[in-house]
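These notes concern the structure reproduced below.
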2 protein chains.
Amino acid sequence: MSTNKLSRRPLVAMSEPTSPSTPDFMSISPAEFFYRNRQMAGFGNPSVAVFSAVREMVENALDACEDARRAPVVRVDVHSLSHDRIEVTVADNGAGIPYEHVPEAFGRVLYGSKFATRQRRGTFGLGVSMAVLYGQITTDSPVIVHTRPPASTGRRYEILIDIEKNRPVVESVTDMLRPQEGTTVTVRLKGDLRNRDRIVQYLRLTSVGSPHARLGLTIDGSEVLDIGPATRVLPTPPVVTRPHPRAADLELLRRLVSTRPTTRLRDFLVSSFQQVGRQSVSRFVQFASLSPSRPVGTLSRDELAHLSDALQKYPGFGRPDASSLSPIGQEGFVRAVEQVFSASCVKYGARRPAEWHGNPFIVEGVVATGDSFPSSDVPQLYRFANRVPLLYDAGDDALQRTVKRIDWKRYGLGPDSRFAVFLHLCSTRIPYRAAGKQSVDTVPEIEAETTRLLRSLGRALSRVVERQARARHESRRRRSLLKHLRLIAKFSASLAGIDEPPDVRPLVDGLFEASDDD
Amino acid sequence: MSTNKLSRRPLVAMSEPTSPSTPDFMSISPAEFFYRNRQMAGFGNPSVAVFSAVREMVENALDACEDARRAPVVRVDVHSLSHDRIEVTVADNGAGIPYEHVPEAFGRVLYGSKFATRQRRGTFGLGVSMAVLYGQITTDSPVIVHTRPPASTGRRYEILIDIEKNRPVVESVTDMLRPQEGTTVTVRLKGDLRNRDRIVQYLRLTSVGSPHARLGLTIDGSEVLDIGPATRVLPTPPVVTRPHPRAADLELLRRLVSTRPTTRLRDFLVSSFQQVGRQSVSRFVQFASLSPSRPVGTLSRDELAHLSDALQKYPGFGRPDASSLSPIGQEGFVRAVEQVFSASCVKYGARRPAEWHGNPFIVEGVVATGDSFPSSDVPQLYRFANRVPLLYDAGDDALQRTVKRIDWKRYGLGPDSRFAVFLHLCSTRIPYRAAGKQSVDTVPEIEAETTRLLRSLGRALSRVVERQARARHESRRRRSLLKHLRLIAKFSASLAGIDEPPDVRPLVDGLFEASDDD
């Protein structure tokens, strides 16, 4: 039975006389879904909406610069049009957007970059179109996109979304010079500046997550921030990799099979997946009891289910390739924390690449001390996922929970400690708990790696705490010794009839220098 | 510029030579979005998935029974197929599903009941199709739907989802007798029974949220639960109402205008919205400085934006009609808490209908005491939204936060108190924080009403706590009085030479009865 015809027909309710209220059925577009449930994507009320709009636009801008392999320069301008109308403009120096993609990139929910196994800030094609949708339903203003891709001079678009059909409505297109390549996006929305501090904090943390970027912020015409870059080194661009066999759920497997059904199983596995070579494939087909020469298109449904199961369970595959990831790295991470938070970094640490459900991930972090951190016996946590700072919903976040489970007293932290932990999780797939991308879901593998990283950071921290305690102790001993030697010197001098007692400080300094060398 | 053609074209990346890695753009279907982000919808790992599947299927079953205006009888059967394969079957006595809707209702994400302003458990058309999708990608099994709508004898479907296209793939259809009207749905998925207790708790709480329902649960063939109904009274079915004018964002307004552009503004407002009558409309058009006789189709975009703004700001409209809501109500709520938790109910309370962004809502609740509640100086909270119990993600939930902000010590709660609060929020729109529908977003109006309800429940609670304390005190006084009077009686008897002293208890009882009457 084909259902294609059905799905095209307008769907009107059956009105059976005996069924008093059979509901009307209909299909809703993803734009409609997120219009009805905009709080799920971070657009629940005007104050949060301004923050979310800035955030989504900045993420897009940074991704655009990195696609173009340029050091990002991103300027954010937030402007109050009235007491409850805000205009947000974000400009980047990326490679612009090819004109034919502009309408859908902004006027269609769930339109974005392909399902490539590679780390990116935005992945859903949801964020910016949500800002456009929210702006449209609250101020009736279209998004204004002024972009200049290579080999052109610039074009300006005004775009709305047909929410019921999830399609862009282009209100106007004009050729308009943009001095350099890049994109400038303007959204007008109902909102206020109650979350001003969050926006500032978000950008400061963004410059930690992307220390090679320069970020500017003006609010109502006054410059509020101009930070970065903390490093001139551009990150190695993450590479698109083949999926890991442990990520081969049935859906993925079926899609891969449908692209080349005549390929033999052995060749299919080697060419479709990473970590599957000539040798490991022989061992694997034995493990799975499948014939290596079967064309994959001839595998029955049960055999395909069995193959998927075996791929996920076989213990012999190597860890996923981490070249699809782009960690912040020691130099940039440490410098940015030092600069942005006037902190001194105690230690940088990174775990080896690990995986969850076949998705590679790396957890890295920095412990820092500084007067800008609150004093507490649990360090202040700053969370990052794929370089994006997470500012809300810490309560249910897996990283936050892991930090709380650590017994920080063991590492010498007392109630007056001023320490902060910066944790960065990067992965080809971040298990966000909601479309607003503010907290990470519970994944045992990620929590285990985070715990190990935190312990090693904790040990480094305890050495610093110890050293600080020892230094305080030494300084007390030194002062006491100095005091007593001075009295002895004075007494000896008066005994010897000398007016001026000898200076004992060089003696004490000498003593402590000797002990420092130990 | 029309973009219809664009959106139909296969979308291939531009490969500009000067842009090193312009990403491939593509549109993804909502099924694909939730396939990639299944943790957002409650299907992040096998243990949670079993719980979520039960939950979504039970909600659908209860909605189906209520659409048919029958006392729901819902049976859940959870069966282990192997150590990591589970089969969940849920059967209801609703009115069945019209055959032509079956494929899409189960094989299409975001296919559901129309955008009607009326309280329902499920509203997105997301839940059951997520269970089907998860079952399919983990076990390759189709969902099995056996339904019997009125005037037919039953039909059995096997359905998969084409995830890339978000379309049902019907694997088989067979006419098969189902003894009664209703629907039986079976999903096979990767999972385990680690969340067994949650499933049991979910169903116990569901029978509190729907006290007119009978719910059964068997796990691996053994009956685990058979509860309810706590009341024979069916709830008054919520009525579909016109939207409230304060819900008139531009999108809604534009849709309404497009259905009858020639209607005059005055008539348009009266017929489109609730709480707008002949008199209030005159005052409103004056407030908005618009001519009441303009055909709405002639309103310019700016005028429409102005109208939307004025509708949301005008203070003269009445509160939204609450007939679209279906609170649990005192009788059923109290009885169900008493039966399911062997508790004694201290007090039921309900707030008057209020609104958030034009959506009507009611908060109602019960305070109960009983040995099954943990002893604590903050009462245990059980949350419900549109009769559905919320079991996860309490940390960020607005209801939970409101309970924590109350100073329960003021109401006499000590560390040994065994009290629980059951809170039910019902609304035509619940602001869930994520698609998994486990926690309520921060909405000031909802929190304010909840706080007021909790205070009045708290006062009732403090009267009970006081009465209990007074009773303990009285009982001590009574025992002491009895002891002393007995000694006096004995002494007086021996003085008077009487062997048997008189019984003083009637005297004491009389004293205390008199004081009880005060």
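Chain labels follow the order of the structure tokens: the first chain is A, the next B, and so on; residue numbering restarts at 1 in every chain, and ligands are counted from 1 in their shown order.
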> Can you list every residue in range 197-420 of chain A that DSSP puts in strand (DSSP E), as a ChimeraX atom specification?
Replying inline: /A:214-219,222-227,344-350,354-356,359-369,380-385,388-390,419-420
>> What parts of range 149-393 of chain A does DSSP call alpha helix (DSSP H)? I'd like the answer as number ranges by chain.
In response: A: 196-209, 250-259, 265-272, 278-288, 301-313, 330-341
> For Ser282 in chain B, which of B:Glu251, B:Gly316, B:Arg351, B:Ala64 is the closest residue, counting only C-alpha atoms?
Replying inline: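 Answer, going by the shortest atom-to-atom distance: B:Gly316.
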>> Excluding range 209-220 of chain A and its own-chain neighbours fewer than 4 positions away, which residues fall within 9 Å of it when counting only C-alpha atoms? Please give them as a ChimeraX atom specification.
In response: /A:62,71-80,196,200,203-205,224-235,328,332-333,335-336,384-389,424
>> For Ser172 in chain B, find every residue with an atom within 8 Å (counting only C-alpha atoms), except residues of its own chain fewer than 2 positions away, and show them as a list in words.
In response: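 Selected residues are Met1 of chain A; Arg156, Tyr157, Glu158, Ile159, Val170 and Thr174 of chain B.
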>> Need to verify the contact set: range 467-482 of chain B, 8 Å, only C-alpha atoms, exclusion of same-chain residues closer than 6 positions in sequence. Can you return it as a count of residues only?
In response: 4
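Candidate residues A:Asp84, A:Asp267, A:Glu364, A:Asp441 were compared for distance to chain B, and the nearest is A:Asp441, using only C-alpha atoms.
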> At what distance in Å, to one decimal, does CA of Leu381 in chain A lie from CA of Leu453 in chain A?
Replying inline: 13.6 Å
> Residues at most 9 Å from Val421 in chain B, counting only C-alpha atoms, excluding those fewer than 3 positions away in the same chain, as a PyMOL selection string?
Replying inline: chain B and resi 365-369+379-383+403+454+457
Output file for the selection above: N, CA and C atoms, as a PDB file, in the first residue's frame:
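This went into part_3.pdb:
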ATOM      1  N   GLY B 365      -4.060  21.638  43.209  1.00  0.00           N
ATOM      2  CA  GLY B 365      -3.134  20.791  43.950  1.00  0.00           C
ATOM      3  C   GLY B 365      -3.750  20.163  45.168  1.00  0.00           C
ATOM      4  N   VAL B 366      -3.018  19.209  45.703  1.00  0.00           N
ATOM      5  CA  VAL B 366      -3.437  18.485  46.897  1.00  0.00           C
ATOM      6  C   VAL B 366      -2.227  18.396  47.831  1.00  0.00           C
ATOM      7  N   VAL B 367      -2.453  18.647  49.119  1.00  0.00           N
ATOM      8  CA  VAL B 367      -1.419  18.312  50.112  1.00  0.00           C
ATOM      9  C   VAL B 367      -1.900  17.066  50.818  1.00  0.00           C
ATOM     10  N   ALA B 368      -0.994  16.127  50.991  1.00  0.00           N
ATOM     11  CA  ALA B 368      -1.382  14.871  51.621  1.00  0.00           C
ATOM     12  C   ALA B 368      -0.311  14.457  52.610  1.00  0.00           C
ATOM     13  N   THR B 369      -0.721  13.653  53.572  1.00  0.00           N
ATOM     14  CA  THR B 369       0.250  13.130  54.520  1.00  0.00           C
ATOM     15  C   THR B 369       0.126  11.610  54.533  1.00  0.00           C
ATOM     16  N   PRO B 379       8.021  19.464  51.495  1.00  0.00           N
ATOM     17  CA  PRO B 379       7.196  18.336  51.059  1.00  0.00           C
ATOM     18  C   PRO B 379       7.678  17.759  49.729  1.00  0.00           C
ATOM     19  N   GLN B 380       7.517  16.469  49.590  1.00  0.00           N
ATOM     20  CA  GLN B 380       7.775  15.779  48.325  1.00  0.00           C
ATOM     21  C   GLN B 380       6.831  16.348  47.270  1.00  0.00           C
ATOM     22  N   LEU B 381       7.370  16.660  46.083  1.00  0.00           N
ATOM     23  CA  LEU B 381       6.506  17.226  45.042  1.00  0.00           C
ATOM     24  C   LEU B 381       6.243  16.217  43.925  1.00  0.00           C
ATOM     25  N   TYR B 382       4.977  16.058  43.565  1.00  0.00           N
ATOM     26  CA  TYR B 382       4.608  15.293  42.374  1.00  0.00           C
ATOM     27  C   TYR B 382       4.008  16.270  41.380  1.00  0.00           C
ATOM     28  N   ARG B 383       4.633  16.327  40.181  1.00  0.00           N
ATOM     29  CA  ARG B 383       4.234  17.322  39.187  1.00  0.00           C
ATOM     30  C   ARG B 383       3.361  16.694  38.101  1.00  0.00           C
ATOM     31  N   VAL B 403       8.088  25.425  44.584  1.00  0.00           N
ATOM     32  CA  VAL B 403       7.934  24.705  45.860  1.00  0.00           C
ATOM     33  C   VAL B 403       9.133  24.965  46.760  1.00  0.00           C
ATOM     34  N   LEU B 454       0.263  27.331  46.578  1.00  0.00           N
ATOM     35  CA  LEU B 454       1.080  26.648  47.587  1.00  0.00           C
ATOM     36  C   LEU B 454       0.901  27.302  48.951  1.00  0.00           C
ATOM     37  N   LEU B 457      -2.350  26.108  50.334  1.00  0.00           N
ATOM     38  CA  LEU B 457      -2.191  24.716  50.766  1.00  0.00           C
ATOM     39  C   LEU B 457      -1.346  24.673  52.043  1.00  0.00           C
TER      40      LEU B 457
END
> Which residues, written as number ranges by chain, have at least one atom at most 12 Å from Gly297 in chain A, with only C-alpha atoms counted and residues fewer than 2 positions away on the same chain left out?
Replying inline: A: 253-265, 268, 293-295, 299-301, 303-304
>> Under the rule that only C-alpha atoms are counted, which of A:Ile430, A:Val465, A:Leu511, A:Ala49 is the nearest residue to chain B?
In response: A:Ile430
> Smallest atom-to-atom distance to His244 in chain A: which of A:Leu507, A:Leu133, A:Leu290, A:Ala322, using only C-alpha atoms?
Replying inline: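 Of A:Leu507, A:Leu133, A:Leu290, A:Ala322, the one nearest His244 in chain A, counting only C-alpha atoms, is A:Ala322.
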>> For a quick check of understanding, using only C-alpha atoms, which of B:Thr184, B:Gln275, B:Gln312, B:Thr451 has the smallest distance to chain A?
In response: B:Gln312
